[in-house]
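**Student:** Can you read through this structure? Questions will come right after.
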Amino acid sequence: MKHLHKKGDVVNVFQMSVNKGLIFEGRATVLKPTDSPGEERYLVRFHGRDGKPAMGEEYERWIDRGGQDDPDAYVKETNKRLNVG
């Protein structure tokens, strides 16, 4: 199984919060996969307010397959299923 995303792809990143459920963390550029194919963990760099990749920190994040087209709807639907938010 291949990785879903490749270097340079721009993705939506989500995090789980104990209090808020699923939250939209932001948009990020994929730098490289950090695991075996199928796990979908990547090294990413988040975008600044101007929409461009910010300089500096790199983070390892699992990238959801869902929510890439409509992050707000994905968060709302997921939290509804989890009864949070």
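Labels for the structure tokens follow display order: chains A, B, ..., residues from 1 in each chain, ligands from 1.
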Could you pull the residues within 10 Å of A:Arg27, counting only C-alpha atoms, minus those fewer than 4 positions along the same chain, as a list in words?

**Tutor:**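 What passes the distance filter is Val10, Val11, Asn12, Val13, Phe14, Val44, Arg45, Phe46, His47, Gly48, Gly51, Lys52, Pro53, Gln68 and Pro71 of chain A.
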
**Student:** Keeping N, CA and C atoms for every residue in the selection just given, could you write it to a file as a CSV table (one decimal), in the first residue's frame?

**Tutor:**
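Saved as selection.csv:
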chain,number,residue,atom,x,y,z
A,10,VAL,N,-0.3,19.8,0.0
A,10,VAL,CA,-0.9,20.6,1.0
A,10,VAL,C,-2.1,19.9,1.6
A,11,VAL,N,-2.1,19.7,2.9
A,11,VAL,CA,-3.1,18.9,3.5
A,11,VAL,C,-3.8,19.6,4.7
A,12,ASN,N,-5.0,19.2,5.1
A,12,ASN,CA,-5.6,19.7,6.3
A,12,ASN,C,-5.2,18.8,7.4
A,13,VAL,N,-4.9,19.4,8.6
A,13,VAL,CA,-4.4,18.6,9.7
A,13,VAL,C,-5.4,18.7,10.9
A,14,PHE,N,-5.7,17.7,11.5
A,14,PHE,CA,-6.7,17.6,12.6
A,14,PHE,C,-6.0,17.1,13.9
A,44,VAL,N,5.4,17.5,8.7
A,44,VAL,CA,4.7,18.6,8.0
A,44,VAL,C,5.2,19.9,8.5
A,45,ARG,N,5.0,20.9,7.8
A,45,ARG,CA,5.2,22.3,8.2
A,45,ARG,C,3.9,23.1,8.0
A,46,PHE,N,3.4,23.7,9.1
A,46,PHE,CA,2.2,24.4,9.0
A,46,PHE,C,2.3,25.7,8.2
A,47,HIS,N,1.2,26.2,7.7
A,47,HIS,CA,1.1,27.4,6.9
A,47,HIS,C,0.9,28.6,7.9
A,48,GLY,N,1.4,29.7,7.5
A,48,GLY,CA,1.2,31.0,8.3
A,48,GLY,C,-0.2,31.6,7.9
A,51,GLY,N,-1.1,32.0,4.3
A,51,GLY,CA,-1.4,30.8,3.5
A,51,GLY,C,-0.2,30.1,3.0
A,52,LYS,N,1.0,30.6,3.2
A,52,LYS,CA,2.3,30.0,2.8
A,52,LYS,C,2.9,29.2,3.9
A,53,PRO,N,3.7,28.2,3.5
A,53,PRO,CA,4.4,27.4,4.6
A,53,PRO,C,5.2,28.4,5.5
A,68,GLN,N,-10.3,16.4,3.8
A,68,GLN,CA,-9.4,17.1,3.0
A,68,GLN,C,-10.1,18.1,2.1
A,71,PRO,N,-12.9,20.6,5.6
A,71,PRO,CA,-12.5,20.4,7.0
A,71,PRO,C,-13.6,20.7,8.0

**Student:** Give me the residues within 12 Å of A:His5 as a list in words, counting only C-alpha atoms and dropping any in the same chain fewer than 5 places off.

**Tutor:**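 The residues satisfying every condition are Val10, Val11, Asn12, Ala28, Thr29, Val30, Leu31, Lys32, Pro33, Thr34, Pro37, Gly38, Glu39, Glu40, Arg41, Tyr42, Leu43, Val44, Trp62, Ile63, Asp64, Arg65 and Gln68 of chain A.
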
**Student:** Looking only at alpha helix (DSSP H) from DSSP on the backbone, list the matching residues of chain A as a short mmCIF file (atom, residue, chain, number, x, y, z; two decimals) with N, CA and C atoms, in the first residue's frame.

**Tutor:**
data_model
loop_
_atom_site.label_atom_id
_atom_site.label_comp_id
_atom_site.auth_asym_id
_atom_site.auth_seq_id
_atom_site.Cartn_x
_atom_site.Cartn_y
_atom_site.Cartn_z
N PRO A 71 -12.94 20.64 5.63
CA PRO A 71 -12.55 20.37 7.01
C PRO A 71 -13.61 20.71 8.04
N ASP A 72 -14.36 21.78 7.83
CA ASP A 72 -15.39 22.17 8.81
C ASP A 72 -16.49 21.12 8.91
N ALA A 73 -16.95 20.62 7.77
CA ALA A 73 -17.99 19.59 7.77
C ALA A 73 -17.47 18.29 8.39
N TYR A 74 -16.22 17.97 8.13
CA TYR A 74 -15.61 16.76 8.69
C TYR A 74 -15.55 16.84 10.21
N VAL A 75 -15.14 17.99 10.74
CA VAL A 75 -15.07 18.18 12.19
C VAL A 75 -16.47 18.06 12.79
N LYS A 76 -17.43 18.73 12.18
CA LYS A 76 -18.81 18.72 12.69
C LYS A 76 -19.38 17.29 12.69
N GLU A 77 -19.20 16.58 11.59
CA GLU A 77 -19.72 15.21 11.46
C GLU A 77 -19.05 14.26 12.45
N THR A 78 -17.73 14.36 12.58
CA THR A 78 -17.00 13.49 13.50
C THR A 78 -17.41 13.75 14.94
N ASN A 79 -17.49 15.01 15.33
CA ASN A 79 -17.87 15.34 16.71
C ASN A 79 -19.31 14.95 17.02
N LYS A 80 -20.16 15.00 16.02
CA LYS A 80 -21.55 14.56 16.21
C LYS A 80 -21.58 13.07 16.51
N ARG A 81 -20.78 12.30 15.76
CA ARG A 81 -20.70 10.85 16.01
C ARG A 81 -20.12 10.54 17.39
N LEU A 82 -19.20 11.39 17.85
CA LEU A 82 -18.56 11.19 19.15
C LEU A 82 -19.35 11.81 20.30
#

**Student:** Take atom CA of A:Glu60 and atom CA of A:Lys2 and report the distance between them in Å, one decimal.

**Tutor:**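 These atoms are spaced 18.3 Å apart.
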
**Student:** Return the single residue from A:Leu4, A:Glu57, A:Asp9, A:Gly67 that is closest to A:Phe24, with distances computed using only C-alpha atoms.

**Tutor:**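 Closest to A:Phe24, using only C-alpha atoms: A:Gly67.
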
**Student:** Taking into account only C-alpha atoms, which residue in the set A:Asp69, A:His3, A:Asp35, A:Arg61 is nearest to A:Met16?

**Tutor:** A:Arg61

**Student:** Just list the residues in chain A DSSP gives strand (DSSP E or B) on the backbone, as a PyMOL selection string.

**Tutor:** chain A and resi 10-17+21-33+41-47+53+59-62

**Student:** Next, dump the selected residues to file, keeping only C-alpha atoms, as a compact mmCIF listing (two decimals), in the first residue's frame.

**Tutor:**
# COMPACT_ATOMS: atom_id res chain seq x y z
CA VAL A 10 -0.88 20.64 1.00
CA VAL A 11 -3.14 18.90 3.53
CA ASN A 12 -5.62 19.70 6.28
CA VAL A 13 -4.41 18.57 9.71
CA PHE A 14 -6.69 17.64 12.62
CA GLN A 15 -6.09 16.89 16.31
CA MET A 16 -8.20 15.18 18.97
CA SER A 17 -8.88 17.26 22.08
CA GLY A 21 -13.24 16.41 20.29
CA LEU A 22 -11.80 16.70 16.80
CA ILE A 23 -10.40 20.14 15.96
CA PHE A 24 -8.99 21.55 12.74
CA GLU A 25 -5.34 22.32 13.47
CA GLY A 26 -4.54 24.00 10.16
CA ARG A 27 -3.13 23.57 6.67
CA ALA A 28 0.34 22.17 6.22
CA THR A 29 2.78 21.09 3.55
CA VAL A 30 3.98 17.48 3.61
CA LEU A 31 7.77 17.26 3.95
CA LYS A 32 8.04 13.45 4.01
CA PRO A 33 6.37 10.28 5.32
CA ARG A 41 2.06 9.79 9.48
CA TYR A 42 4.07 12.60 7.95
CA LEU A 43 6.55 15.31 8.81
CA VAL A 44 4.72 18.57 8.00
CA ARG A 45 5.25 22.32 8.18
CA PHE A 46 2.18 24.39 9.00
CA HIS A 47 1.15 27.41 6.94
CA PRO A 53 4.37 27.45 4.59
CA TYR A 59 5.82 18.47 13.22
CA GLU A 60 4.95 14.81 12.87
CA ARG A 61 1.24 14.37 12.28
CA TRP A 62 -1.14 11.62 11.26
